[in-house]
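Peer 1: One file is attached below, model28.cif, containing mmCIF, C-alpha atoms.
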data_query
#
loop_
_atom_site.label_atom_id
_atom_site.label_comp_id
_atom_site.auth_asym_id
_atom_site.auth_seq_id
_atom_site.Cartn_x
_atom_site.Cartn_y
_atom_site.Cartn_z
CA MET A 1 0.68 97.52 95.84
CA ARG A 2 0.35 98.16 99.59
CA PHE A 3 4.10 98.42 99.89
CA VAL A 4 4.34 100.83 96.95
CA LEU A 5 1.56 103.10 98.23
CA GLN A 6 3.06 103.24 101.73
CA LEU A 7 6.57 103.79 100.38
CA VAL A 8 5.47 106.64 98.10
CA ALA A 9 3.44 108.29 100.87
CA VAL A 10 6.25 108.18 103.43
CA LEU A 11 8.90 109.21 100.89
CA ALA A 12 6.79 112.18 99.78
CA VAL A 13 6.22 113.47 103.30
CA SER A 14 9.88 112.83 104.13
CA MET A 15 11.07 114.92 101.18
CA LEU A 16 8.65 117.75 101.97
CA ALA A 17 9.67 117.69 105.62
CA GLY A 18 13.34 117.82 104.67
CA GLN A 19 12.78 120.82 102.42
CA ALA A 20 10.76 122.65 105.08
CA ILE A 21 13.40 122.05 107.74
CA THR A 22 16.16 123.19 105.38
CA LEU A 23 14.30 126.44 104.66
CA VAL A 24 14.26 127.43 108.33
CA ASP A 25 17.76 126.17 109.12
CA GLY A 26 19.57 128.81 111.14
CA ASN A 27 16.50 129.92 113.08
CA ALA A 28 16.43 127.82 116.25
CA TRP A 29 12.79 128.31 117.20
CA LEU A 30 11.44 127.87 113.68
CA SER A 31 13.60 124.76 113.25
CA LEU A 32 12.17 123.35 116.46
CA ALA A 33 8.57 124.03 115.45
CA VAL A 34 8.85 122.89 111.83
CA GLY A 35 10.76 119.73 112.74
CA VAL A 36 8.30 118.64 115.42
CA VAL A 37 5.30 119.39 113.19
CA ALA A 38 6.93 117.47 110.33
CA ALA A 39 7.46 114.46 112.61
CA VAL A 40 3.81 114.51 113.71
CA ILE A 41 2.49 114.88 110.15
CA ALA A 42 4.73 112.08 108.89
CA THR A 43 3.45 109.75 111.61
CA LEU A 44 -0.16 110.62 110.84
CA VAL A 45 0.40 110.01 107.12
CA TYR A 46 1.99 106.62 107.88
CA TYR A 47 -0.88 105.69 110.19
CA ALA A 48 -3.51 106.72 107.65
CA VAL A 49 -1.97 104.97 104.64
CA VAL A 50 -1.31 101.74 106.54
CA ARG A 51 -4.84 101.75 107.98
CA ALA A 52 -6.32 102.38 104.52
CA THR A 53 -4.24 99.81 102.62
CA GLU A 54 -4.02 97.01 105.21
CA LYS A 55 -7.44 97.40 106.88
CA ARG A 56 -6.11 96.81 110.40
CA GLN A 57 -5.27 98.53 113.63
CA VAL A 58 -1.84 100.15 113.23
CA THR A 59 -0.47 98.66 116.44
CA GLU A 60 3.14 99.61 115.68
CA ALA A 61 2.18 103.30 115.82
CA SER A 62 -0.44 103.12 118.56
CA GLY A 63 -0.75 106.31 120.56
CA ARG A 64 -1.12 104.34 123.80
CA THR A 65 2.54 103.34 123.80
CA ALA A 66 3.95 106.52 122.23
CA ALA A 67 5.08 108.40 125.34
CA SER A 68 6.76 105.50 127.14
CA GLY A 69 8.39 104.18 123.97
CA LEU A 70 9.75 107.57 122.96
CA ILE A 71 11.03 108.44 126.44
CA ARG A 72 12.78 105.12 126.92
CA GLY A 73 14.23 105.27 123.43
CA VAL A 74 15.56 108.81 123.85
CA LEU A 75 17.17 108.04 127.20
CA LEU A 76 18.71 104.86 125.81
CA GLY A 77 20.03 106.62 122.70
CA VAL A 78 21.64 109.41 124.72
CA ALA A 79 23.16 106.94 127.18
CA ILE A 80 24.61 104.67 124.49
CA PHE A 81 26.14 107.56 122.55
CA ALA A 82 27.55 109.10 125.73
CA ALA A 83 29.24 105.78 126.50
CA VAL A 84 30.62 105.57 122.96
CA ILE A 85 31.98 109.12 122.88
CA GLY A 86 33.48 108.54 126.32
CA ASP A 87 35.39 105.52 124.99
CA ILE A 88 36.48 107.51 121.94
CA ALA A 89 37.71 110.38 124.14
CA PHE A 90 39.52 108.01 126.51
CA ASN A 91 41.37 106.57 123.52
CA GLY A 92 42.35 109.96 122.10
CA GLY A 93 39.75 110.39 119.36
CA TYR A 94 37.64 113.21 120.79
CA ARG A 95 38.40 116.31 122.82
CA VAL A 96 36.20 119.00 124.35
CA THR A 97 37.68 122.44 123.73
CA GLY A 98 35.07 124.59 125.45
CA VAL A 99 31.41 125.55 125.63
CA SER A 100 29.52 126.96 122.66
CA ASP A 101 28.71 130.66 122.61
CA SER A 102 25.47 129.78 120.76
CA PRO A 103 23.80 127.15 122.99
CA LEU A 104 20.43 128.04 121.43
CA ASP A 105 21.50 125.99 118.39
CA ALA A 106 20.79 122.89 120.49
CA VAL A 107 17.12 123.93 120.60
CA GLY A 108 16.82 124.03 116.82
CA LEU A 109 18.45 120.61 116.58
CA ILE A 110 15.53 119.12 118.52
CA GLY A 111 13.27 119.80 115.55
CA PHE A 112 15.87 118.89 112.94
CA MET A 113 16.63 115.52 114.52
CA ALA A 114 12.99 114.79 115.38
CA GLY A 115 11.98 115.18 111.75
CA ALA A 116 14.88 113.10 110.46
CA ALA A 117 14.57 110.29 113.02
CA THR A 118 10.81 109.96 112.60
CA THR A 119 10.71 109.91 108.81
CA GLU A 120 13.65 107.49 108.57
CA GLU A 121 12.13 105.05 111.06
CA LEU A 122 8.76 105.15 109.34
CA LEU A 123 10.47 104.43 106.04
CA TYR A 124 13.08 101.81 107.00
CA ARG A 125 11.38 100.02 109.86
CA GLY A 126 7.69 100.82 109.33
CA VAL A 127 7.58 100.19 105.59
CA LEU A 128 10.70 98.41 104.30
CA PHE A 129 11.52 96.00 107.12
CA ARG A 130 7.92 95.20 107.98
CA HIS A 131 6.98 94.23 104.43
CA LEU A 132 10.20 92.30 103.83
CA GLU A 133 9.66 90.37 107.05
CA LYS A 134 6.25 89.20 105.85
CA LEU A 135 7.87 87.75 102.73
CA THR A 136 11.19 86.43 104.00
CA GLY A 137 11.06 86.15 107.78
CA THR A 138 12.90 88.22 110.34
CA TRP A 139 16.55 87.39 109.62
CA LEU A 140 16.73 88.12 105.89
CA ALA A 141 14.56 91.22 106.27
CA PHE A 142 16.83 92.35 109.10
CA ALA A 143 19.95 92.00 106.96
CA VAL A 144 18.51 93.58 103.80
CA SER A 145 16.90 96.57 105.52
CA ALA A 146 20.05 97.26 107.56
CA LEU A 147 22.20 97.20 104.42
CA VAL A 148 19.81 99.53 102.59
CA PHE A 149 19.82 101.88 105.59
CA GLY A 150 23.62 101.97 105.59
CA GLY A 151 23.87 102.24 101.82
CA VAL A 152 21.66 105.34 101.66
CA HIS A 153 24.18 107.10 103.91
CA MET A 154 26.66 106.93 101.03
CA LEU A 155 24.75 109.90 99.60
CA ASN A 156 25.93 112.15 102.44
CA PRO A 157 28.60 114.79 101.64
CA ASP A 158 31.49 113.23 103.60
CA ALA A 159 30.40 109.62 103.24
CA THR A 160 32.85 106.71 103.24
CA TRP A 161 32.30 103.03 102.55
CA TRP A 162 33.53 102.18 106.03
CA GLY A 163 31.18 104.70 107.59
CA ALA A 164 28.20 103.38 105.62
CA LEU A 165 29.06 99.82 106.65
CA CYS A 166 29.23 100.88 110.31
CA VAL A 167 25.83 102.58 109.99
CA ALA A 168 24.40 99.40 108.44
CA ILE A 169 25.77 97.09 111.13
CA ALA A 170 25.53 99.29 114.22
CA GLY A 171 22.75 101.73 113.35
CA GLY A 172 20.63 99.50 111.13
CA GLY A 173 21.10 96.56 113.46
CA MET A 174 20.36 98.48 116.65
CA LEU A 175 17.27 100.29 115.35
CA THR A 176 15.77 97.31 113.55
CA SER A 177 16.30 95.02 116.53
CA ALA A 178 14.65 97.65 118.77
CA TYR A 179 11.59 97.44 116.53
CA ILE A 180 11.62 93.63 116.55
CA ALA A 181 11.90 93.48 120.34
CA SER A 182 9.14 96.03 121.00
CA ARG A 183 7.01 95.68 117.86
CA THR A 184 6.35 99.42 117.99
CA LEU A 185 7.98 102.23 116.04
CA TRP A 186 8.18 104.49 119.09
CA LEU A 187 11.21 102.82 120.65
CA PRO A 188 13.43 103.01 117.52
CA ILE A 189 12.23 106.57 116.80
CA GLY A 190 13.22 107.63 120.31
CA LEU A 191 16.48 105.69 120.15
CA HIS A 192 17.35 107.22 116.78
CA PHE A 193 16.53 110.73 117.98
CA GLY A 194 18.40 110.33 121.28
CA TRP A 195 21.53 109.06 119.53
CA ASN A 196 21.56 111.78 116.87
CA TYR A 197 20.67 114.55 119.28
CA ALA A 198 23.41 113.60 121.73
CA GLN A 199 25.87 113.34 118.87
CA SER A 200 25.08 116.77 117.45
CA ALA A 201 23.44 119.00 120.06
CA ILE A 202 25.37 117.86 123.13
CA PHE A 203 28.77 116.63 121.93
CA SER A 204 28.91 118.67 118.68
CA SER A 205 30.10 115.80 116.49
CA THR A 206 29.68 115.17 112.79
CA VAL A 207 26.55 113.08 112.12
CA SER A 208 26.89 110.39 109.42
CA GLY A 209 29.17 112.44 107.19
CA ASN A 210 26.74 115.37 107.11
CA GLY A 211 29.17 117.96 108.43
CA LEU A 212 29.72 119.34 111.90
CA ARG A 213 26.70 120.52 113.89
CA ARG A 214 27.46 122.93 116.72
CA GLY A 215 25.68 122.20 119.98
CA ILE A 216 26.36 122.82 123.64
CA LEU A 217 30.02 121.83 123.63
CA GLU A 218 32.90 122.91 121.42
CA SER A 219 34.87 119.85 120.39
CA GLU A 220 37.29 118.40 117.88
CA SER A 221 38.01 114.99 116.41
CA THR A 222 41.60 113.85 116.93
CA GLY A 223 43.91 110.91 116.37
CA ASN A 224 43.30 107.65 114.52
CA ALA A 225 40.23 107.67 112.25
CA LEU A 226 39.30 104.14 113.33
CA VAL A 227 38.93 105.49 116.85
CA SER A 228 37.42 108.92 116.12
CA GLY A 229 35.47 108.02 112.98
CA GLY A 230 37.35 110.61 110.91
CA GLN A 231 35.40 112.87 108.56
CA PHE A 232 32.32 110.65 108.76
CA GLY A 233 32.01 111.25 112.51
CA PRO A 234 31.82 108.93 115.55
CA GLU A 235 29.48 106.53 113.76
CA ALA A 236 32.50 105.27 111.81
CA SER A 237 34.39 104.51 115.03
CA VAL A 238 35.13 100.93 116.06
CA PHE A 239 33.60 101.81 119.43
CA THR A 240 30.27 102.60 117.76
CA LEU A 241 30.50 99.30 115.91
CA ILE A 242 31.12 97.38 119.13
CA ALA A 243 28.33 99.17 121.01
CA GLY A 244 25.88 98.68 118.15
CA VAL A 245 26.56 94.96 117.93
CA LEU A 246 26.16 94.51 121.70
CA VAL A 247 22.89 96.47 121.85
CA THR A 248 21.58 94.65 118.78
CA ALA A 249 22.37 91.28 120.36
CA ALA A 250 20.55 92.31 123.54
CA PHE A 251 17.43 93.40 121.63
CA LEU A 252 17.41 90.24 119.50
CA TRP A 253 17.74 88.10 122.62
CA LEU A 254 14.76 89.94 124.08
CA ALA A 255 12.82 89.51 120.83
CA ARG A 256 13.49 85.76 120.87
CA ARG A 257 12.27 85.48 124.45
CA ARG A 258 9.08 87.33 123.53
CA GLY A 259 8.45 85.18 120.46
CA HIS A 260 8.80 88.13 118.08
CA LEU A 261 11.03 86.40 115.51
CA VAL A 262 9.27 85.38 112.31
CA PRO A 263 10.60 82.23 110.56
CA MET A 264 11.18 82.03 106.82
CA ARG A 265 8.00 81.32 104.86
CA ARG A 266 9.24 78.00 103.56
CA ALA A 267 9.55 76.85 107.17
CA ALA A 268 6.27 78.32 108.37
CA ARG A 269 3.45 80.52 107.15
CA THR A 270 3.48 82.72 110.21
CA VAL A 271 3.55 86.42 109.47
CA GLU A 272 4.28 89.43 111.61
CA PRO A 273 3.22 88.66 115.20
CA VAL A 274 0.95 91.04 117.05
CA PRO A 275 1.59 90.92 120.80
CA SER A 276 -1.51 90.37 122.90
CA ARG A 277 -0.53 93.35 125.03
CA PRO A 278 2.10 96.12 124.64
CA SER A 279 5.54 94.92 125.71
CA LYS A 280 7.01 96.49 128.82
CA ILE A 281 9.90 98.12 126.97
CA ALA A 282 7.46 100.02 124.79
CA GLY A 283 5.17 100.97 127.65
#
How does this structure look as structure tokens?
Peer 2:
Amino acid sequence: MRFVLQLVAVLAVSMLAGQAITLVDGNAWLSLAVGVVAAVIATLVYYAVVRATEKRQVTEASGRTAASGLIRGVLLGVAIFAAVIGDIAFNGGYRVTGVSDSPLDAVGLIGFMAGAATTEELLYRGVLFRHLEKLTGTWLAFAVSALVFGGVHMLNPDATWWGALCVAIAGGGMLTSAYIASRTLWLPIGLHFGWNYAQSAIFSSTVSGNGLRRGILESESTGNALVSGGQFGPEASVFTLIAGVLVTAAFLWLARRRGHLVPMRRAARTVEPVPSRPSKIAG
């Protein structure tokens, strides 16, 4: 019942946020304001429903670690995507053709991506993964939640099976492992936002088969689809897959060192660990 109540609450606020952001799409300043407000409201709803249904401190959404977790996540997300798009460009899959004549669009994308990243992380990491982990342990919950995360991207307009699989392995793996390593939602929210914002607002690439978003640069996808990602965008590139696997491995190694991996219930009755103090990566 706790899972259902939390799922319904986060889904409801996610749908309302999506509709509100869509209504103001095209107006940069309204998009910024509505998206940021939607992200804040979604987080507050998550915090309230978890506190009410689980009768505990919501450590994964603690305000004390919010700023450091978000900042580190955003910087990491931008850096990883910049490295990926650099590899794609070096191998002939991406080309900058100029600078946008509407750079203000990048401002509106802050709100758009903030709303999307926050609601998705609350749903897939805060609700789905966290409850699955209590039942099955870290590894099975990791695999199932990543596959669900990738599978949902098949609903996007220009979705492909290969693109959805890449999102599951690279995106789902990277974001879920970031949560496991830090045990806060702030790091994966920041990482998710930084990745998507760099992809759309800076490098003007297609995001997860959702069509091209114009940002600071004018660009085009060229060459082999396995390199460029084709119509799905850079997330379907083999370079994204490689980067995602490497970052995921690094986070899981860190999680193991910190004792954040939960064994299967048949092997032990341990449930989700609560660190005695906030981990350094989350502030």
Peer 1: Which residues, written as an mmCIF file with C-alpha atoms, in the frame of the given file, have at least one atom at most 7 Å from segment 134-148 of chain A, with all atoms listed in the file counted and residues fewer than 5 positions away on the same chain left out?
Peer 2:
data_model
loop_
_atom_site.group_PDB
_atom_site.id
_atom_site.type_symbol
_atom_site.label_atom_id
_atom_site.label_comp_id
_atom_site.auth_asym_id
_atom_site.auth_seq_id
_atom_site.Cartn_x
_atom_site.Cartn_y
_atom_site.Cartn_z
ATOM 1 C CA TYR A 124 13.080 101.810 107.000
ATOM 2 C CA LEU A 128 10.700 98.410 104.300
ATOM 3 C CA PHE A 129 11.520 96.000 107.120
ATOM 4 C CA ALA A 168 24.400 99.400 108.440
ATOM 5 C CA ILE A 169 25.770 97.090 111.130
ATOM 6 C CA GLY A 172 20.630 99.500 111.130
ATOM 7 C CA GLY A 173 21.100 96.560 113.460
ATOM 8 C CA THR A 176 15.770 97.310 113.550
ATOM 9 C CA LEU A 261 11.030 86.400 115.510
ATOM 10 C CA VAL A 262 9.270 85.380 112.310
ATOM 11 C CA PRO A 263 10.600 82.230 110.560
ATOM 12 C CA MET A 264 11.180 82.030 106.820
ATOM 13 C CA ARG A 265 8.000 81.320 104.860
ATOM 14 C CA VAL A 271 3.550 86.420 109.470
ATOM 15 C CA GLU A 272 4.280 89.430 111.610
#
Peer 1: Give as a list in words the residues that the PyMOL selection byres ((chain A and resi 116) around 9) matches when applied to the coordinates above.
Peer 2: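 Listing what the PyMOL selection byres ((chain A and resi 116) around 9) selects in the shown file: Ser14, Ala17, Gly18, Gly35, Ala39, Gly111, Phe112, Met113, Ala114, Gly115, Ala117, Thr118, Thr119, Glu120, Glu121, His192 and Phe193 of chain A.
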Peer 1: Contacts of Ala225 of chain A at 10 Å or less, counting all atoms listed in the file, minus same-chain residues fewer than 2 places along, as an NGL selection string?
Peer 2: :A and (93 or 221-223 or 227-234 or 236-238)
Peer 1: Can you list what the PyMOL selection byres ((chain A and resi 109) around 12) grabs from this structure, as a VMD selection string?
Peer 2: chain A and resid 21 to 22 24 to 36 103 to 108 110 to 117 193 to 194 196 to 202 204 207 213 to 216
Peer 1: Restricting it to C-alpha atoms, dump the selection as a short mmCIF file (atom, residue, chain, number, x, y, z; two decimals), keeping the file's coordinate frame.
Peer 2:
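Written file, out18.cif:
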data_model
loop_
_atom_site.label_atom_id
_atom_site.label_comp_id
_atom_site.auth_asym_id
_atom_site.auth_seq_id
_atom_site.Cartn_x
_atom_site.Cartn_y
_atom_site.Cartn_z
CA ILE A 21 13.40 122.05 107.74
CA THR A 22 16.16 123.19 105.38
CA VAL A 24 14.26 127.43 108.33
CA ASP A 25 17.76 126.17 109.12
CA GLY A 26 19.57 128.81 111.14
CA ASN A 27 16.50 129.92 113.08
CA ALA A 28 16.43 127.82 116.25
CA TRP A 29 12.79 128.31 117.20
CA LEU A 30 11.44 127.87 113.68
CA SER A 31 13.60 124.76 113.25
CA LEU A 32 12.17 123.35 116.46
CA ALA A 33 8.57 124.03 115.45
CA VAL A 34 8.85 122.89 111.83
CA GLY A 35 10.76 119.73 112.74
CA VAL A 36 8.30 118.64 115.42
CA PRO A 103 23.80 127.15 122.99
CA LEU A 104 20.43 128.04 121.43
CA ASP A 105 21.50 125.99 118.39
CA ALA A 106 20.79 122.89 120.49
CA VAL A 107 17.12 123.93 120.60
CA GLY A 108 16.82 124.03 116.82
CA ILE A 110 15.53 119.12 118.52
CA GLY A 111 13.27 119.80 115.55
CA PHE A 112 15.87 118.89 112.94
CA MET A 113 16.63 115.52 114.52
CA ALA A 114 12.99 114.79 115.38
CA GLY A 115 11.98 115.18 111.75
CA ALA A 116 14.88 113.10 110.46
CA ALA A 117 14.57 110.29 113.02
CA PHE A 193 16.53 110.73 117.98
CA GLY A 194 18.40 110.33 121.28
CA ASN A 196 21.56 111.78 116.87
CA TYR A 197 20.67 114.55 119.28
CA ALA A 198 23.41 113.60 121.73
CA GLN A 199 25.87 113.34 118.87
CA SER A 200 25.08 116.77 117.45
CA ALA A 201 23.44 119.00 120.06
CA ILE A 202 25.37 117.86 123.13
CA SER A 204 28.91 118.67 118.68
CA VAL A 207 26.55 113.08 112.12
CA ARG A 213 26.70 120.52 113.89
CA ARG A 214 27.46 122.93 116.72
CA GLY A 215 25.68 122.20 119.98
CA ILE A 216 26.36 122.82 123.64
#
Peer 1: Expressed in Å to a single decimal, how great is the separation between atom CA of Leu70 of chain A and atom CA of Val84 of chain A?
Peer 2: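 Separation between atom CA of Leu70 of chain A and atom CA of Val84 of chain A: 21.0 Å.
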Peer 1: Can you work out the spacing between atom CA of Ala249 of chain A and atom CA of Ala89 of chain A in Å, to one decimal?
Peer 2: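 Interatomic distance here is 24.8 Å.
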Peer 1: Between atom CA of Asn224 of chain A and atom CA of Asn91 of chain A, what is the distance in Å, rounded to a tenth?
Peer 2: 9.3 Å
Peer 1: I need the output of the PyMOL selection byres ((chain A and resi 252) around 8) for this file as a ChimeraX atom specification; which residues are they?
Peer 2: /A:177-178,180-181,248-251,253-256
Peer 1: Nearest to Ala52 of chain A among A:Thr160, A:Ser219, A:Gln6, A:Thr206, with distances taken over all atoms listed in the file: which residue is it?
Peer 2: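 Counting all atoms listed in the file, the residue closest to Ala52 of chain A is A:Gln6.
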